[in-house]
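Q: If it helps, the file is called run.txt and holds compact mmCIF, C-alpha atoms:
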```
# COMPACT_ATOMS: atom_id res chain seq x y z
CA MET L 2 38.65 91.47 57.43
CA ASN L 3 41.04 89.35 59.38
CA THR L 4 42.37 91.20 62.43
CA GLY L 5 44.33 88.28 63.95
CA ILE L 6 48.03 88.24 64.61
CA LYS L 7 50.06 87.30 61.57
CA LYS L 8 53.46 85.63 61.34
CA ASN L 9 55.17 88.94 60.59
CA ASP L 10 53.61 90.48 63.71
CA ILE L 11 54.94 87.64 65.85
CA LEU L 12 58.39 88.01 64.25
CA LEU L 13 58.38 91.77 64.93
CA ILE L 14 57.39 91.22 68.57
CA PHE L 15 60.15 88.62 68.96
CA ILE L 16 62.77 90.96 67.47
CA VAL L 17 61.73 93.86 69.74
CA LEU L 18 61.87 91.62 72.83
CA ALA L 19 65.26 90.21 71.78
CA VAL L 20 66.73 93.70 71.32
CA ALA L 21 65.31 94.86 74.67
CA GLY L 22 66.71 91.76 76.41
CA LEU L 23 70.12 92.26 74.83
CA ALA L 24 70.15 95.94 75.84
CA TYR L 25 69.27 95.03 79.43
CA PHE L 26 71.96 92.33 79.54
CA LEU L 27 74.63 94.65 78.15
CA HIS L 28 73.66 97.41 80.57
CA SER L 29 73.91 95.07 83.56
CA VAL L 30 77.25 93.59 82.44
CA ILE L 31 78.98 96.66 81.04
CA GLY L 32 77.19 99.21 83.22
CA ALA L 33 79.17 98.34 86.36
CA GLY L 34 82.47 98.85 84.54
CA GLY L 35 81.47 102.36 83.53
CA ALA L 36 80.26 103.23 87.01
CA GLY L 37 83.17 105.56 87.70
CA SER L 38 85.36 105.80 90.76
CA VAL L 39 85.71 107.37 94.17
CA THR L 40 88.67 109.43 95.29
CA VAL L 41 89.59 109.19 98.98
CA LYS L 42 91.48 112.13 100.46
CA VAL L 43 92.85 112.37 103.99
CA ASN L 44 93.97 115.80 105.18
CA GLY L 45 93.84 117.02 101.57
CA VAL L 46 96.14 114.28 100.24
CA ILE L 47 94.80 111.63 97.86
CA GLU L 48 95.05 108.25 99.58
CA GLY L 49 93.49 106.23 96.76
CA VAL L 50 91.13 106.04 93.81
CA TYR L 51 88.77 103.05 93.78
CA ASN L 52 86.49 101.64 91.08
CA LEU L 53 82.77 101.77 91.92
CA GLY L 54 82.21 98.69 89.76
CA GLU L 55 84.30 96.51 92.08
CA ASP L 56 82.83 95.51 95.46
CA GLN L 57 85.41 96.10 98.20
CA GLU L 58 86.02 97.40 101.72
CA ILE L 59 88.60 100.13 102.19
CA VAL L 60 90.31 100.96 105.47
CA ILE L 61 90.99 104.70 105.59
CA ASN L 62 93.44 106.64 107.75
CA GLU L 63 94.80 103.59 109.56
CA GLY L 64 91.32 102.43 110.58
CA THR L 65 89.59 105.66 111.61
CA ASN L 66 87.07 105.16 108.80
CA TYR L 67 85.80 102.20 106.76
CA LEU L 68 84.37 102.68 103.27
CA VAL L 69 82.38 99.91 101.58
CA ILE L 70 81.86 99.91 97.83
CA LYS L 71 79.02 97.62 96.82
CA ASN L 72 76.63 97.55 93.85
CA GLY L 73 78.17 100.70 92.38
CA LYS L 74 77.73 102.79 95.55
CA ALA L 75 80.21 103.94 98.19
CA ASP L 76 79.08 104.03 101.82
CA MET L 77 80.98 104.97 104.97
CA THR L 78 80.12 102.14 107.35
CA LYS L 79 82.36 102.86 110.36
CA ALA L 80 84.10 105.88 111.83
CA ASP L 81 85.65 106.63 115.20
CA CYS L 82 84.53 110.28 115.17
CA PRO L 83 82.12 111.37 117.92
CA ASP L 84 79.21 112.59 115.77
CA LYS L 85 79.21 109.80 113.11
CA LEU L 86 77.65 112.16 110.54
CA CYS L 87 79.67 110.52 107.77
CA VAL L 88 78.26 107.10 108.69
CA ASN L 89 74.70 108.45 108.64
CA GLN L 90 75.03 109.99 105.16
CA LYS L 91 73.47 108.11 102.24
CA ALA L 92 75.64 106.02 99.95
CA VAL L 93 77.05 108.00 97.02
CA SER L 94 77.34 106.99 93.37
CA LYS L 95 76.82 110.07 91.19
CA LYS L 96 79.31 112.66 90.00
CA HIS L 97 80.42 115.20 92.63
CA GLU L 98 78.50 113.51 95.46
CA SER L 99 80.69 113.17 98.53
CA ILE L 100 80.96 111.85 102.04
CA ILE L 101 82.91 114.06 104.44
CA CYS L 102 84.21 113.23 107.91
CA LEU L 103 85.44 116.54 109.33
CA PRO L 104 86.93 115.24 112.62
CA ASN L 105 89.10 112.71 110.75
CA LYS L 106 89.70 115.02 107.75
CA VAL L 107 88.43 112.38 105.28
CA ILE L 108 86.72 113.24 101.98
CA VAL L 109 85.27 110.63 99.63
CA GLU L 110 84.21 112.09 96.26
CA VAL L 111 82.61 110.33 93.30
CA ASN L 112 84.05 110.77 89.82
CA SER L 113 81.58 109.32 87.30
CA GLY L 114 79.55 110.13 84.23
CA GLU L 115 76.24 110.15 86.11
CA LYS L 116 75.07 113.55 87.26
CA GLY L 117 74.00 114.01 90.87
CA GLU L 118 70.53 115.07 91.89
CA TYR L 119 69.86 118.66 92.88
CA ASP L 120 68.86 119.24 96.45
CA ALA L 121 65.89 121.36 97.48
CA VAL L 122 68.01 124.51 97.80
CA ALA L 123 69.94 124.32 94.50
CA ASN L 124 66.90 123.18 92.54
```
In structure tokens, what does this structure look like?
A:
Amino acid sequence: MNTGIKKNDILLIFIVLAVAGLAYFLHSVIGAGGAGSVTVKVNGVIEGVYNLGEDQEIVINEGTNYLVIKNGKADMTKADCPDKLCVNQKAVSKKHESIICLPNKVIVEVNSGEKGEYDAVAN
């Protein structure tokens, strides 16, 4: 009995690795485009809708808040509110996650295909 690797085995391994590599490449290239968007509202009025796949910095409400979109996530980096709770929140990227700045009446909500994680209460 010969239990060594045969040419067909090597070919099969190569094909599986090639398909996996192609899938990873396509996910990294196309994945950012399908990342979704964030809607920015100030005082209940939509100020803009921004693509999560495009790195950018957005000035909100004439400079009261700064939102940075990078690597498919939106993060409030600056705010002139006293408590800075919006700045201390984690970056958002999944559907219905949001960042809220109550003193400045700013809401940033994600609109994407990815579902958000449940918190300990909603479990």
Q: What does the structure give for the distance between atom CA of Lys71 of chain L and atom CA of Ala21 of chain L, in Å to one decimal?
A: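 Those two atoms sit 26.2 Å apart.
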Q: Quick one: everything within 7 Å of Asn52 of chain L, counting all atoms listed in the file, minus sequence neighbours fewer than 3 positions away in the same chain. Send it as a short mmCIF file (atom, residue, chain, number, x, y, z; two decimals) with C-alpha atoms, in the frame of the given file.
A:
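Dumped to result-v9.cif:
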```
data_model
loop_
_atom_site.label_atom_id
_atom_site.label_comp_id
_atom_site.auth_asym_id
_atom_site.auth_seq_id
_atom_site.Cartn_x
_atom_site.Cartn_y
_atom_site.Cartn_z
CA GLY L 37 83.17 105.56 87.70
CA SER L 38 85.36 105.80 90.76
CA VAL L 39 85.71 107.37 94.17
CA GLU L 55 84.30 96.51 92.08
#
```
Q: Which residues come within 12 Å of Gly49 of chain L, counting all atoms listed in the file, excluding same-chain residues fewer than 4 positions away, as a PyMOL selection string?
A: chain L and resi 38-43+45+59-62+68+107-110
Q: Applying 7 Å and only C-alpha atoms, which residues near Lys106 of chain L remain after dropping the ones on its own chain fewer than 3 positions away? List them as an MDAnalysis selection string.
A: chainID L and resid 43:44 102:103
Q: Please provide the set of residues having any atom within 6 Å of Ile70 of chain L, restricted to all atoms listed in the file, with same-chain residues fewer than 2 positions apart removed, written as an NGL selection string.
A: :L and (56-57 or 74-75)
Q: Work out how far apart atom CA of Cys82 of chain L and atom CA of Asn66 of chain L are and give it in Å to one decimal.
A: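 We find that atom CA of Cys82 of chain L and atom CA of Asn66 of chain L lie 8.6 Å from each other.
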Q: Quick one: distance from atom CA of Ser99 of chain L to atom CA of Pro83 of chain L in Å, one decimal?
A: 19.5 Å
Q: Counting all atoms listed in the file, figure out which residue out of L:Gly73, L:Gly64, L:Gly5, L:Gly22 gets nearest to Asn112 of chain L.
A: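 Once distances to Asn112 of chain L are computed over all atoms listed in the file, the minimum belongs to L:Gly73.
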Q: Which residue gives the smallest distance to Glu63 of chain L among L:Ile11, L:Ala80, L:Ile101, L:Val46, with only C-alpha atoms counted?
A: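 Selected residue with least distance to Glu63 of chain L: L:Ala80.
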